[in-house]
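The structure appears right after this line, and notes come after that.
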Amino acid sequence: MSARASFVPSPFAGLGKGLDRAVARGINAITGRAIGPYQSAIIRIGFSLTWLLFLLREFPHRAELYGPDAPWSWDLAKRLVAGNHAFTVLLWNDGRAWFECVYAFAIVASAMLLLGWRTRTASVFFMIGVLSLQNRSVFEGDGGDNVIHLMAIYLVFTRCGQVWSLDRRRAARGEAAEAGAGPSAVSASDAEPGADPVGVALWAVFGFALVAATLFGKLSTGWAVLFWLFWLVQALWWAVRRVAPGEPRTVLDIVANVIHNGAMLVIVAEVCLIYSTAGWYKIQGSRWQDGTALYYPLHLDDFTPWPALSHALAGNELMVMLITYGTVIVQVAFPFTLFNRRVKNVLLVAMMLEHASIAVVLGLPFFSLAMIAADAVFLPTAFLVWAGDRLVRRLRPGAARPRPVVHGQRTAPDDASAGPGEPAVGPPPPSAVT
């Protein structure tokens, strides 16, 4: 028998090459595109809209909630913040004029983020507004406010303006100008790469405020470092686009994608943690174990905006038991269904319907809106693209509807198989937005 015939290939042959290819694909998926652009856009819209509606609804009562007439006085808030080092600009001054300015700033920042106008700056302003108001009166909020509090921080690190934003529209106009399509309809600031006078003005105002706050000692060391880092990153991004749009811009895109993808992973983990902990805590309660937990809040005056509806539901013992047990099952099971798309989508619909019912039956609309916005991170990309297209058809029936191109996003026919938050392979756009 020849040596060639007696040679038996190793079962591990080719394992190294396969592993290298898998690692390369993983690195490319993390660095080459911003995962879930539609999911990040919908949570941006959802949370900014929820907070904006809350601020407008409570506008007549703003002073009692967060201002000088609040039960939690300015001195008590000052002492609490001195111990926990929470951030709030409301405690920089106890005057009524300062409070009114901060409240108006929070409304404007929410509207900016909702529309996706200067999204990178708007997300920082939105975080400042949310933290300033909520940390001023820490006992005024509920579970929905806690979710908004966390998501306001996470959104700063995402590229949540890549679709469904004024930034995306402005970038598309700039790309059209560079390609020679319709230059007469494009302003000079859009046509010139890196030119952004409005963005530079916002950056300058933000920098002036940071200098003043730092000089007067209003910021703790940690928050000062964080805000100055944001400010410097803005300057670096503009300078690279203006002066060196080649390889340095590519490097910044890679860094931004990695940060975005990490933030989206944190958001997904946070939502799963919220539901899993809520479900497991419910299991330990005797009222949830015997199936009567829903009965009691339906008889509380503070949670019965429609008494007839609440009492009719509470009088149906079978329905009370099914909703009680169903709530626990859905919350405990949901994190384990993320790897099965069909089961996950069914439970996702169930949770959204549950929160919509809470808004109507228990009179907690903003809590429900916040939780539905958090759930939206798991919505399938194909559904979000379809829903966005249907909305545009209704709002602008005669307008052309070009599909926005973003990092790693396929067109509708190919993208139909993409799951919630799943990236789709595709070339990066000429000028991505954050």
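For the structure tokens, the naming scheme is as follows: chains receive sequential letters (A, B, ...) according to their order of presentation, residues are indexed from 1 within each chain, and ligands are indexed from 1 in presentation order.
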Please report, as a tab-separated table, each residue of range 222-309 of chain A lying at most 12 Å from range 75-94 of chain A, together with the nearest pair of atoms and the separation in Å rounded to one decimal; use only C-alpha atoms, and order rows by chain and ascending residue number.
residue	atom	partner	partner_atom	distance
A:Gly222	CA	A:His85	CA	9.4
A:Trp223	CA	A:Phe87	CA	7.6
A:Ala224	CA	A:Phe87	CA	10.5
A:Leu226	CA	A:Phe87	CA	11.6
A:Phe227	CA	A:Phe87	CA	11.5
Contacts of range 130-140 of chain A at 9 Å (only C-alpha atoms; same-chain gap of 3+ positions) as a ChimeraX atom specification: /A:51,65-67,70-74,77-78,81,86-91,102-103,106,125-127,145-146,148-149,152-153
Computed interatomic separation between CA of Gly174 in chain A and CA of Ala239 in chain A (Å): 17.4 Å
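With only C-alpha atoms as the atoms that count, the residue of A:Cys272, A:Ala376, A:Ala177, A:Ala22 with the shortest distance to Thr337 in chain A is A:Cys272.
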Backbone DSSP call of helix (DSSP H, G or I) for range 218-429 of chain A, listed as a ChimeraX atom specification: /A:221-243,247-283,286-289,293-295,297-299,301-303,307-314,317-337,341-361,365-378,381-395,412-415
Serialized selection, C-alpha atoms, as a short mmCIF file (atom, residue, chain, number, x, y, z; two decimals), in the first residue's frame:
data_model
loop_
_atom_site.label_atom_id
_atom_site.label_comp_id
_atom_site.auth_asym_id
_atom_site.auth_seq_id
_atom_site.Cartn_x
_atom_site.Cartn_y
_atom_site.Cartn_z
CA THR A 221 -15.95 65.47 37.63
CA GLY A 222 -17.63 62.48 36.02
CA TRP A 223 -20.36 64.46 34.26
CA ALA A 224 -17.90 67.14 33.18
CA VAL A 225 -15.66 64.54 31.54
CA LEU A 226 -18.66 62.92 29.83
CA PHE A 227 -20.08 66.15 28.41
CA TRP A 228 -16.69 67.44 27.28
CA LEU A 229 -16.08 64.11 25.58
CA PHE A 230 -19.37 64.46 23.69
CA TRP A 231 -18.42 67.99 22.68
CA LEU A 232 -14.96 66.96 21.44
CA VAL A 233 -16.37 64.02 19.49
CA GLN A 234 -18.73 66.41 17.71
CA ALA A 235 -15.81 68.65 16.80
CA LEU A 236 -13.73 65.69 15.58
CA TRP A 237 -16.59 64.34 13.46
CA TRP A 238 -17.15 67.70 11.76
CA ALA A 239 -13.43 68.26 11.20
CA VAL A 240 -12.95 64.85 9.60
CA ARG A 241 -15.91 65.32 7.26
CA ARG A 242 -14.64 68.77 6.35
CA VAL A 243 -10.92 68.14 5.96
CA GLU A 247 -9.84 56.90 5.53
CA PRO A 248 -10.27 58.95 8.76
CA ARG A 249 -14.01 59.12 8.07
CA THR A 250 -14.06 55.35 7.56
CA VAL A 251 -12.33 54.82 10.89
CA LEU A 252 -14.84 57.08 12.66
CA ASP A 253 -17.70 55.20 11.00
CA ILE A 254 -16.29 51.92 12.30
CA VAL A 255 -15.98 53.30 15.84
CA ALA A 256 -19.50 54.74 15.68
CA ASN A 257 -20.89 51.41 14.44
CA VAL A 258 -19.22 49.49 17.26
CA ILE A 259 -20.60 51.92 19.87
CA HIS A 260 -24.06 51.85 18.28
CA ASN A 261 -24.17 48.06 18.14
CA GLY A 262 -23.03 47.82 21.75
CA ALA A 263 -25.72 50.28 22.83
CA MET A 264 -28.41 48.35 20.93
CA LEU A 265 -27.27 45.16 22.65
CA VAL A 266 -27.57 46.92 26.01
CA ILE A 267 -31.09 48.11 25.14
CA VAL A 268 -32.15 44.58 24.18
CA ALA A 269 -30.64 43.18 27.39
CA GLU A 270 -32.31 45.92 29.45
CA VAL A 271 -35.77 45.14 28.07
CA CYS A 272 -35.26 41.42 28.65
CA LEU A 273 -34.10 42.14 32.20
CA ILE A 274 -37.17 44.30 32.88
CA TYR A 275 -39.55 41.55 31.83
CA SER A 276 -37.69 38.66 33.41
CA THR A 277 -37.32 40.36 36.80
CA ALA A 278 -40.95 41.54 36.72
CA GLY A 279 -42.14 38.03 35.91
CA TRP A 280 -40.03 36.27 38.54
CA TYR A 281 -41.04 38.76 41.24
CA LYS A 282 -44.68 38.18 40.36
CA ILE A 283 -44.24 34.44 40.73
CA SER A 286 -49.33 34.94 46.65
CA ARG A 287 -51.94 36.93 44.69
CA TRP A 288 -50.19 36.12 41.42
CA GLN A 289 -49.94 32.47 42.44
CA ALA A 293 -53.69 39.84 41.37
CA LEU A 294 -55.58 41.74 38.65
CA TYR A 295 -58.71 41.93 40.77
CA PRO A 297 -56.10 47.33 41.17
CA LEU A 298 -59.44 47.23 39.31
CA HIS A 299 -61.08 48.41 42.54
CA ASP A 301 -60.10 54.73 42.55
CA ASP A 302 -56.73 55.99 41.27
CA PHE A 303 -56.60 53.25 38.62
CA PRO A 307 -65.31 52.38 36.60
CA ALA A 308 -67.96 50.45 34.69
CA LEU A 309 -65.34 48.73 32.53
CA SER A 310 -63.08 47.98 35.52
CA HIS A 311 -65.89 46.51 37.60
CA ALA A 312 -67.19 44.42 34.70
CA LEU A 313 -63.72 42.98 34.16
CA ALA A 314 -63.17 42.38 37.87
CA GLU A 317 -63.37 35.54 37.57
CA LEU A 318 -62.21 33.47 34.61
CA MET A 319 -60.94 36.52 32.73
CA VAL A 320 -59.12 37.80 35.83
CA MET A 321 -57.40 34.44 36.29
CA LEU A 322 -56.42 34.11 32.62
CA ILE A 323 -54.97 37.65 32.42
CA THR A 324 -53.10 37.22 35.72
CA TYR A 325 -51.47 33.93 34.77
CA GLY A 326 -50.98 35.03 31.15
CA THR A 327 -49.09 38.13 32.24
CA VAL A 328 -46.66 36.08 34.32
CA ILE A 329 -46.15 33.46 31.61
CA VAL A 330 -45.49 36.03 28.87
CA GLN A 331 -43.04 38.07 30.98
CA VAL A 332 -41.06 35.06 32.16
CA ALA A 333 -41.01 33.32 28.78
CA PHE A 334 -40.27 36.27 26.49
CA PRO A 335 -36.45 36.48 26.96
CA PHE A 336 -36.21 32.74 26.14
CA THR A 337 -38.11 33.12 22.85
CA ARG A 341 -38.76 34.39 15.61
CA ARG A 342 -42.35 33.24 15.28
CA VAL A 343 -42.92 32.57 18.97
CA LYS A 344 -41.17 35.80 19.86
CA ASN A 345 -43.41 37.82 17.53
CA VAL A 346 -46.53 36.27 19.02
CA LEU A 347 -45.46 37.13 22.57
CA LEU A 348 -44.39 40.59 21.43
CA VAL A 349 -47.87 41.30 20.11
CA ALA A 350 -49.32 39.97 23.36
CA MET A 351 -47.15 42.29 25.46
CA MET A 352 -47.99 45.34 23.35
CA LEU A 353 -51.70 44.57 23.60
CA GLU A 354 -51.27 44.12 27.35
CA HIS A 355 -49.68 47.57 27.69
CA ALA A 356 -52.35 49.12 25.50
CA SER A 357 -54.97 47.58 27.78
CA ILE A 358 -53.17 48.96 30.83
CA ALA A 359 -53.32 52.43 29.27
CA VAL A 360 -57.10 52.19 28.84
CA VAL A 361 -58.25 50.12 31.82
CA PRO A 365 -50.99 55.95 29.17
CA PHE A 366 -47.42 57.18 29.50
CA PHE A 367 -46.21 54.05 31.27
CA SER A 368 -47.79 52.00 28.49
CA LEU A 369 -46.30 54.18 25.74
CA ALA A 370 -42.84 53.86 27.29
CA MET A 371 -43.07 50.08 27.49
CA ILE A 372 -44.44 49.77 23.95
CA ALA A 373 -41.54 51.92 22.74
CA ALA A 374 -39.13 49.60 24.55
CA ASP A 375 -40.82 46.54 23.03
CA ALA A 376 -40.40 48.07 19.56
CA VAL A 377 -36.69 47.20 19.57
CA PHE A 378 -37.77 43.60 18.82
CA THR A 381 -37.37 45.04 10.08
CA ALA A 382 -39.72 43.98 7.29
CA PHE A 383 -42.73 45.05 9.35
CA LEU A 384 -41.19 48.43 10.20
CA VAL A 385 -40.34 49.10 6.55
CA TRP A 386 -43.88 48.13 5.50
CA ALA A 387 -45.48 50.25 8.23
CA GLY A 388 -43.32 53.26 7.35
CA ASP A 389 -44.18 52.93 3.68
CA ARG A 390 -47.91 52.69 4.45
CA LEU A 391 -47.71 55.78 6.66
CA VAL A 392 -45.97 57.76 3.91
CA ARG A 393 -48.61 56.66 1.40
CA ARG A 394 -51.36 58.02 3.63
CA LEU A 395 -49.62 61.28 4.54
CA ALA A 412 -37.74 45.27 0.80
CA PRO A 413 -37.83 41.98 -1.18
CA ASP A 414 -34.52 40.70 0.22
CA ASP A 415 -35.12 42.14 3.67
#
Computed interatomic separation between CA of Ile107 in chain A and CA of Ala171 in chain A (Å): 25.3 Å
Selected residue of minimal separation from Gly144 in chain A among A:Gln284, A:Ser40, A:Thr50, A:Asn340, counting only C-alpha atoms: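 For Gly144 in chain A, the nearest of the candidates is A:Thr50.
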Computed interatomic separation between CA of Lys218 in chain A and CA of Ala104 in chain A (Å): 20.3 Å
